[in-house]
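Trainee: Sharing a structure below in structure tokens format, with a few things to ask.
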Amino acid sequence: MHTMQAFYDKLFSPKASQSAYLSGLVRLTQVSLREIGALKSSITWDFWNAGNTVSDSSTRASSS
Amino acid sequence: MDIYESAIEILTDELFLRDWPELQSIFERASLNSPRDWRLPVVSCEAVGGMHEQAVAAVASIACLQIAIILIDDMLDVDPRGEYQRLGMAPVANMASALQAAGMEIVAQSGAAWNAKLLALQSLNRMMLKTALGQYMDIQNPEDEAAYWEVVRTKSSPFFGAALNVGALLGGAAPDIAARIERFGCLYGEMIQIHDDLNDTMAVPANPDWTLDRSPLPILYAQTVQYADREKFLELRRALPDPEALKEAQIILIRCGAISYAVHQLILKHKLARELLKKTSSIDITGLEKLLDDVIQPVMKMFAAIGIAHPEIMLEPPIVHF
């Protein structure tokens, strides 16, 4: 719990801009929903979704 | 014949699949996707100098065990996509039980040395026991970060550790090398879980995690940290699965740093895994490094897309104690 709060405090502190790493993570808080879509991946431990050929729930539920 | 076909052949010819059409159908559908995780034993087997043929039994075993875990997980999660919806809970529980035994039997029947098989069986058994405990802990809905990581380390990452460990053992690795590869696999598994959490929380329409009161990492962060929109976030969550509420809640996840935190954790695990590989001499780490590249690539792509001039800097987090 403290780790998350400490991260938040550092991320939104004025000093964050002094670190290239933290600045990158701050930039990530400013993106749009469309831009964050780039993070979407097929990486999952559920093989039903892993290959992208059976990727949505309706396909999965109906496949037999 | 590829590794997936070889694994199915073992299961069909030497075990029971031919006599169990429903189970055979599940296997065939799963293997159509060429599950990346089933290849893990091949990667570690080749890393220690083994031939991929030596890993076929481990692939078949890992396939059985992963299907068993997911069949059970879907029932515990009341996942609407689960096989139990189609076949019923009791028959699916029966299948999961058979698959767990089959996963062990395949390794026992393999042509590997007995000491390697014994260590492999111990590793797989330990993994299934840990995973079952993790599944039990997960349905208690862990409410803080320590509990979250405990669930990840029991429910999710042991599978990946065991998959790599068993491949290495059947490839002829010394036990200490196989154990090191297992630790690498556990870190890799933690990274997979973080990806899973990111995908689930940002999915549209709302993933069941939102509505079933589950707490994937970004949602846990947004509910835990003190920030201006926290109450609003909690209120929006109660309004789900309303699409507008989901959109607003997902924007808050981005703005409050919840997505950044998950990405930060992904980067930390990536760094630890790389360091572990560097310290593991006497094996060919090419395939294992490729596994890491695959899981970090979406993050790097994201940083490049949002204008980070040197995304590679993001793979070198400063030593900061948050």
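Naming scheme: A, B, ... for chains in displayed order of the structure tokens; residues 1 onward per chain; ligands 1 onward as shown.
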List every residue of segment 19-237 of chain B that DSSP, applied to the backbone of this structure, places in helix (DSSP H, G or I), and write the result as number ranges by chain.
Mentor: B: 19, 21-32, 36-47, 52-76, 84-87, 89-109, 114-138, 145-170, 175-202, 208-211, 217-224, 230-237
Trainee: With the cut-off set at 8 Å and counting only C-alpha atoms, tabulate each residue of chain B with an atom at most that distance from an atom of chain A, showing the nearest atom pair and its distance in Å to one decimal, ordered by chain and increasing number, as CSV.
Mentor:
residue,atom,partner,partner_atom,distance
B:Ser25,CA,A:Ser64,CA,6.9
B:Ile26,CA,A:Ser64,CA,7.4
B:Arg29,CA,A:Ser64,CA,7.6
B:Ala30,CA,A:Trp48,CA,6.4
B:Asn33,CA,A:Gly51,CA,4.6
B:Ser34,CA,A:Gly51,CA,6.5
B:Pro35,CA,A:Phe47,CA,5.5
B:Arg36,CA,A:Ala50,CA,7.2
B:Asp37,CA,A:Trp45,CA,7.4
B:Ile70,CA,A:Asp46,CA,7.2
B:Pro80,CA,A:Ala61,CA,7.3
B:Arg81,CA,A:Ala61,CA,4.7
B:Gly82,CA,A:Ala61,CA,7.0
B:Glu83,CA,A:Ala61,CA,7.7
B:Asp144,CA,A:Met1,CA,5.9
B:Glu145,CA,A:Met1,CA,5.1
B:Ala146,CA,A:Met1,CA,7.1
B:Ile192,CA,A:Thr44,CA,5.8
B:Gln193,CA,A:Thr44,CA,6.9
B:His195,CA,A:Ile43,CA,6.2
B:Asp196,CA,A:Thr44,CA,5.0
B:Leu198,CA,A:Lys40,CA,7.6
B:Asn199,CA,A:Lys40,CA,5.8
B:Tyr221,CA,A:Met4,CA,6.4
B:Thr224,CA,A:Met1,CA,6.8
B:Val225,CA,A:Gln5,CA,5.2
B:Gln226,CA,A:Gln5,CA,7.2
B:Gln250,CA,A:Leu33,CA,7.6
B:Ile251,CA,A:Leu33,CA,6.6
B:Ile254,CA,A:Thr29,CA,5.0
B:Arg255,CA,A:Thr29,CA,4.5
B:Cys256,CA,A:Thr29,CA,6.8
B:Gly257,CA,A:Thr29,CA,5.7
B:Ile259,CA,A:Thr29,CA,7.5
B:Ser260,CA,A:Leu25,CA,5.4
B:Tyr261,CA,A:Phe7,CA,7.3
B:His264,CA,A:Leu25,CA,7.6
B:Val295,CA,A:Ile43,CA,7.0
B:Pro298,CA,A:Leu39,CA,5.4
B:Val299,CA,A:Leu39,CA,6.0
B:Lys301,CA,A:Ala38,CA,7.0
B:Met302,CA,A:Ala38,CA,5.4
B:Phe303,CA,A:Gly24,CA,7.5
B:Ala305,CA,A:Ala38,CA,7.7
B:Ile306,CA,A:Glu35,CA,7.4
B:Ile308,CA,A:Gly24,CA,6.6
B:Ile313,CA,A:Tyr21,CA,6.7
B:Met314,CA,A:Tyr21,CA,5.5
B:Glu316,CA,A:Tyr21,CA,7.7
B:Pro317,CA,A:Tyr21,CA,6.1
B:Pro318,CA,A:Tyr21,CA,7.3
B:Phe322,CA,A:Ala6,CA,4.9
Trainee: So that I can check the surroundings of Ala174 of chain B, please list as a ChimeraX atom specification every protein, DNA and RNA residue that reaches within 10 Å of it, counting only C-alpha atoms and ignoring chain neighbours fewer than 5 positions away.
Mentor: /B:48,116,168-169,179
Trainee: Using the selection just defined, write its residues with N, CA and C atoms as a PDB file, in the first residue's frame.
Mentor:
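Below is the file that was written, result00.pdb:
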ATOM      1  N   VAL B  48      19.652 -24.774 -22.576  1.00  0.00           N
ATOM      2  CA  VAL B  48      20.660 -25.565 -21.843  1.00  0.00           C
ATOM      3  C   VAL B  48      21.344 -26.589 -22.749  1.00  0.00           C
ATOM      4  N   ALA B 116      16.136 -36.628 -13.558  1.00  0.00           N
ATOM      5  CA  ALA B 116      15.546 -35.431 -14.170  1.00  0.00           C
ATOM      6  C   ALA B 116      14.026 -35.496 -14.081  1.00  0.00           C
ATOM      7  N   ALA B 168      14.094 -27.247 -19.002  1.00  0.00           N
ATOM      8  CA  ALA B 168      15.540 -27.285 -18.759  1.00  0.00           C
ATOM      9  C   ALA B 168      15.969 -28.645 -18.211  1.00  0.00           C
ATOM     10  N   LEU B 169      15.202 -29.174 -17.272  1.00  0.00           N
ATOM     11  CA  LEU B 169      15.556 -30.472 -16.678  1.00  0.00           C
ATOM     12  C   LEU B 169      15.534 -31.579 -17.726  1.00  0.00           C
ATOM     13  N   ALA B 179      16.951 -24.440 -11.617  1.00  0.00           N
ATOM     14  CA  ALA B 179      16.301 -23.638 -10.571  1.00  0.00           C
ATOM     15  C   ALA B 179      16.426 -22.146 -10.878  1.00  0.00           C
TER      16      ALA B 179
END
Trainee: If I take atom CA of Ser215 of chain B and atom CA of Leu236 of chain B, how far is one from the other in Å, to one decimal?
Mentor: 14.7 Å
Trainee: Neighbouring residues of Glu275 of chain B were defined as those with any atom within 12 Å, considering only C-alpha atoms; residues of the same chain fewer than 3 positions away were excluded. Please report them as a compact mmCIF listing (two decimals) with all heavy atoms, in the first residue's frame.
Mentor:
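The resulting file, selection01.txt, is reproduced below:
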# COMPACT_ATOMS: atom_id res chain seq x y z
N ARG B 180 17.57 -21.76 -11.42
CA ARG B 180 17.77 -20.35 -11.78
C ARG B 180 16.84 -19.96 -12.93
O ARG B 180 16.25 -18.88 -12.94
CB ARG B 180 19.25 -20.13 -12.17
CG ARG B 180 19.61 -18.68 -12.29
CD ARG B 180 21.10 -18.54 -12.40
NE ARG B 180 21.74 -18.63 -11.11
CZ ARG B 180 22.61 -17.74 -10.66
NH1 ARG B 180 22.93 -16.71 -11.39
NH2 ARG B 180 23.16 -17.88 -9.49
N ARG B 183 13.46 -19.33 -11.56
CA ARG B 183 13.30 -17.99 -10.96
C ARG B 183 13.06 -16.94 -12.05
O ARG B 183 12.24 -16.05 -11.91
CB ARG B 183 14.54 -17.63 -10.13
CG ARG B 183 14.59 -18.33 -8.78
CD ARG B 183 15.50 -17.61 -7.80
NE ARG B 183 16.90 -17.64 -8.19
CZ ARG B 183 17.71 -18.68 -8.03
NH1 ARG B 183 17.26 -19.78 -7.47
NH2 ARG B 183 18.97 -18.62 -8.41
N PHE B 184 13.80 -17.09 -13.15
CA PHE B 184 13.59 -16.21 -14.30
C PHE B 184 12.13 -16.34 -14.78
O PHE B 184 11.45 -15.36 -15.05
CB PHE B 184 14.57 -16.57 -15.43
CG PHE B 184 14.25 -15.93 -16.74
CD1 PHE B 184 14.67 -14.64 -17.03
CD2 PHE B 184 13.49 -16.60 -17.70
CE1 PHE B 184 14.35 -14.03 -18.25
CE2 PHE B 184 13.17 -16.01 -18.92
CZ PHE B 184 13.60 -14.72 -19.19
N LEU B 187 9.62 -14.45 -12.69
CA LEU B 187 9.60 -13.01 -12.99
C LEU B 187 8.87 -12.76 -14.31
O LEU B 187 8.08 -11.82 -14.43
CB LEU B 187 11.04 -12.47 -13.09
CG LEU B 187 11.76 -12.27 -11.76
CD1 LEU B 187 13.25 -12.02 -11.99
CD2 LEU B 187 11.16 -11.10 -10.99
N LEU B 268 10.43 -2.79 -13.79
CA LEU B 268 11.26 -3.31 -12.69
C LEU B 268 11.47 -4.82 -12.83
O LEU B 268 12.58 -5.33 -12.65
CB LEU B 268 10.63 -3.01 -11.33
CG LEU B 268 10.61 -1.56 -10.86
CD1 LEU B 268 9.99 -1.46 -9.46
CD2 LEU B 268 12.01 -0.95 -10.84
N LYS B 269 10.39 -5.54 -13.12
CA LYS B 269 10.51 -7.01 -13.28
C LYS B 269 11.42 -7.33 -14.47
O LYS B 269 12.21 -8.27 -14.42
CB LYS B 269 9.14 -7.66 -13.54
CG LYS B 269 8.02 -7.29 -12.61
CD LYS B 269 8.20 -7.85 -11.24
CE LYS B 269 7.11 -7.35 -10.30
NZ LYS B 269 7.48 -7.44 -8.89
N HIS B 270 11.28 -6.55 -15.52
CA HIS B 270 12.09 -6.75 -16.72
C HIS B 270 13.57 -6.60 -16.38
O HIS B 270 14.42 -7.41 -16.78
CB HIS B 270 11.67 -5.74 -17.78
CG HIS B 270 12.42 -5.83 -19.07
ND1 HIS B 270 13.47 -5.00 -19.38
CD2 HIS B 270 12.30 -6.68 -20.12
CE1 HIS B 270 13.95 -5.33 -20.57
NE2 HIS B 270 13.26 -6.32 -21.04
N LYS B 271 13.85 -5.58 -15.59
CA LYS B 271 15.25 -5.34 -15.21
C LYS B 271 15.80 -6.49 -14.35
O LYS B 271 16.91 -6.97 -14.57
CB LYS B 271 15.36 -4.01 -14.45
CG LYS B 271 16.79 -3.63 -14.17
CD LYS B 271 16.94 -2.29 -13.51
CE LYS B 271 18.42 -1.97 -13.37
NZ LYS B 271 18.69 -0.76 -12.63
N LEU B 272 15.01 -6.92 -13.38
CA LEU B 272 15.44 -8.02 -12.51
C LEU B 272 15.69 -9.29 -13.33
O LEU B 272 16.67 -10.01 -13.11
CB LEU B 272 14.37 -8.32 -11.45
CG LEU B 272 14.27 -7.34 -10.29
CD1 LEU B 272 13.07 -7.69 -9.42
CD2 LEU B 272 15.55 -7.38 -9.44
N LYS B 278 21.88 -12.40 -16.95
CA LYS B 278 23.31 -12.05 -17.11
C LYS B 278 24.18 -12.87 -16.17
O LYS B 278 25.33 -13.18 -16.47
CB LYS B 278 23.51 -10.56 -16.80
CG LYS B 278 23.28 -9.66 -18.02
CD LYS B 278 23.63 -8.23 -17.67
CE LYS B 278 22.95 -7.27 -18.62
NZ LYS B 278 22.87 -5.90 -18.09
N LYS B 279 23.62 -13.19 -15.00
CA LYS B 279 24.40 -13.94 -14.00
C LYS B 279 24.37 -15.44 -14.26
O LYS B 279 24.99 -16.20 -13.53
CB LYS B 279 23.84 -13.66 -12.61
CG LYS B 279 24.09 -12.25 -12.11
CD LYS B 279 23.47 -12.09 -10.73
CE LYS B 279 23.38 -10.63 -10.34
NZ LYS B 279 22.40 -10.41 -9.27
N THR B 280 23.58 -15.86 -15.25
CA THR B 280 23.47 -17.30 -15.51
C THR B 280 24.40 -17.68 -16.66
O THR B 280 24.03 -17.63 -17.83
CB THR B 280 22.01 -17.68 -15.84
OG1 THR B 280 21.16 -17.13 -14.84
CG2 THR B 280 21.82 -19.18 -15.88
N SER B 281 25.59 -18.05 -16.30
CA SER B 281 26.56 -18.40 -17.34
C SER B 281 26.31 -19.84 -17.78
O SER B 281 25.51 -20.56 -17.20
CB SER B 281 27.98 -18.24 -16.80
OG SER B 281 28.12 -19.01 -15.64
N ILE B 285 21.35 -17.76 -23.70
CA ILE B 285 20.19 -17.01 -23.21
C ILE B 285 19.36 -16.37 -24.32
O ILE B 285 18.38 -15.68 -24.04
CB ILE B 285 20.62 -15.90 -22.19
CG1 ILE B 285 21.55 -14.88 -22.85
CG2 ILE B 285 21.26 -16.53 -20.97
CD1 ILE B 285 21.84 -13.68 -21.94
N GLU B 289 15.98 -14.31 -23.63
CA GLU B 289 15.94 -12.86 -23.85
C GLU B 289 14.80 -12.48 -24.79
O GLU B 289 14.15 -11.45 -24.61
CB GLU B 289 17.27 -12.39 -24.45
CG GLU B 289 18.37 -12.25 -23.43
CD GLU B 289 19.64 -11.66 -24.03
OE1 GLU B 289 20.00 -12.04 -25.15
OE2 GLU B 289 20.28 -10.84 -23.34
N LEU B 292 11.63 -12.01 -22.96
CA LEU B 292 11.56 -10.70 -22.30
C LEU B 292 11.27 -9.60 -23.31
O LEU B 292 10.46 -8.69 -23.05
CB LEU B 292 12.89 -10.39 -21.60
CG LEU B 292 13.18 -11.10 -20.30
CD1 LEU B 292 14.46 -10.56 -19.69
CD2 LEU B 292 12.04 -10.96 -19.32
N GLU B 316 15.87 1.61 -17.90
CA GLU B 316 16.89 1.74 -16.85
C GLU B 316 16.34 2.59 -15.71
O GLU B 316 16.75 3.75 -15.53
CB GLU B 316 18.16 2.38 -17.43
CG GLU B 316 18.87 1.54 -18.48
CD GLU B 316 19.31 0.17 -17.96
OE1 GLU B 316 19.52 0.03 -16.74
OE2 GLU B 316 19.42 -0.76 -18.77
Trainee: Tell me, as a compact mmCIF listing (two decimals) with N, CA, C and O atoms, in the first residue's frame, which residues lie within 9 Å of segment 237-244 of chain B, counting only C-alpha atoms; anything in the same chain fewer than 5 positions away does not count.
Mentor:
# COMPACT_ATOMS: atom_id res chain seq x y z
N VAL B 204 -12.80 -2.80 -23.49
CA VAL B 204 -14.15 -2.28 -23.71
C VAL B 204 -14.94 -3.37 -24.43
O VAL B 204 -14.45 -3.89 -25.44
N PRO B 205 -16.13 -3.74 -23.96
CA PRO B 205 -16.84 -3.28 -22.78
C PRO B 205 -16.14 -3.71 -21.49
O PRO B 205 -15.13 -4.42 -21.56
N ALA B 206 -16.70 -3.32 -20.37
CA ALA B 206 -16.05 -3.56 -19.08
C ALA B 206 -15.77 -5.04 -18.87
O ALA B 206 -16.67 -5.87 -19.00
N ASN B 207 -14.52 -5.36 -18.55
CA ASN B 207 -14.13 -6.72 -18.20
C ASN B 207 -14.82 -7.09 -16.88
O ASN B 207 -15.04 -6.22 -16.03
N PRO B 208 -15.14 -8.39 -16.68
CA PRO B 208 -15.79 -8.80 -15.42
C PRO B 208 -15.02 -8.36 -14.16
O PRO B 208 -15.62 -8.20 -13.09
N TRP B 210 -14.05 -5.55 -13.36
CA TRP B 210 -14.64 -4.29 -12.87
C TRP B 210 -15.90 -4.55 -12.05
O TRP B 210 -16.11 -3.96 -11.00
N THR B 211 -16.75 -5.44 -12.60
CA THR B 211 -18.08 -5.60 -12.00
C THR B 211 -18.11 -6.63 -10.88
O THR B 211 -19.01 -6.62 -10.05
N ASP B 213 -15.93 -6.88 -8.55
CA ASP B 213 -15.18 -6.37 -7.40
C ASP B 213 -13.76 -6.92 -7.32
O ASP B 213 -13.19 -6.99 -6.22
N LYS B 232 -14.60 9.91 -6.88
CA LYS B 232 -15.30 9.85 -8.16
C LYS B 232 -15.06 8.49 -8.84
O LYS B 232 -15.96 7.90 -9.43
N ALA B 249 -13.85 6.19 -15.93
CA ALA B 249 -13.01 5.48 -14.95
C ALA B 249 -11.64 5.16 -15.57
O ALA B 249 -10.60 5.26 -14.90
Trainee: One decimal, in Å: what's the spacing between atom CA of His310 of chain B and atom CA of Gly185 of chain B?
Mentor: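 A separation of 28.2 Å between them.
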Trainee: Record the distance separating atom CA of Ala120 of chain B and atom CA of Gly49 of chain B, expressed in Å with one decimal.
Mentor: 17.2 Å
Trainee: Write out as a ChimeraX atom specification the residues lying within 12 Å of Lys290 of chain B, counting only C-alpha atoms and excluding same-chain residues fewer than 3 positions away.
Mentor: /B:40,43-44,47,188,270,273-274,277,284-287,293-297
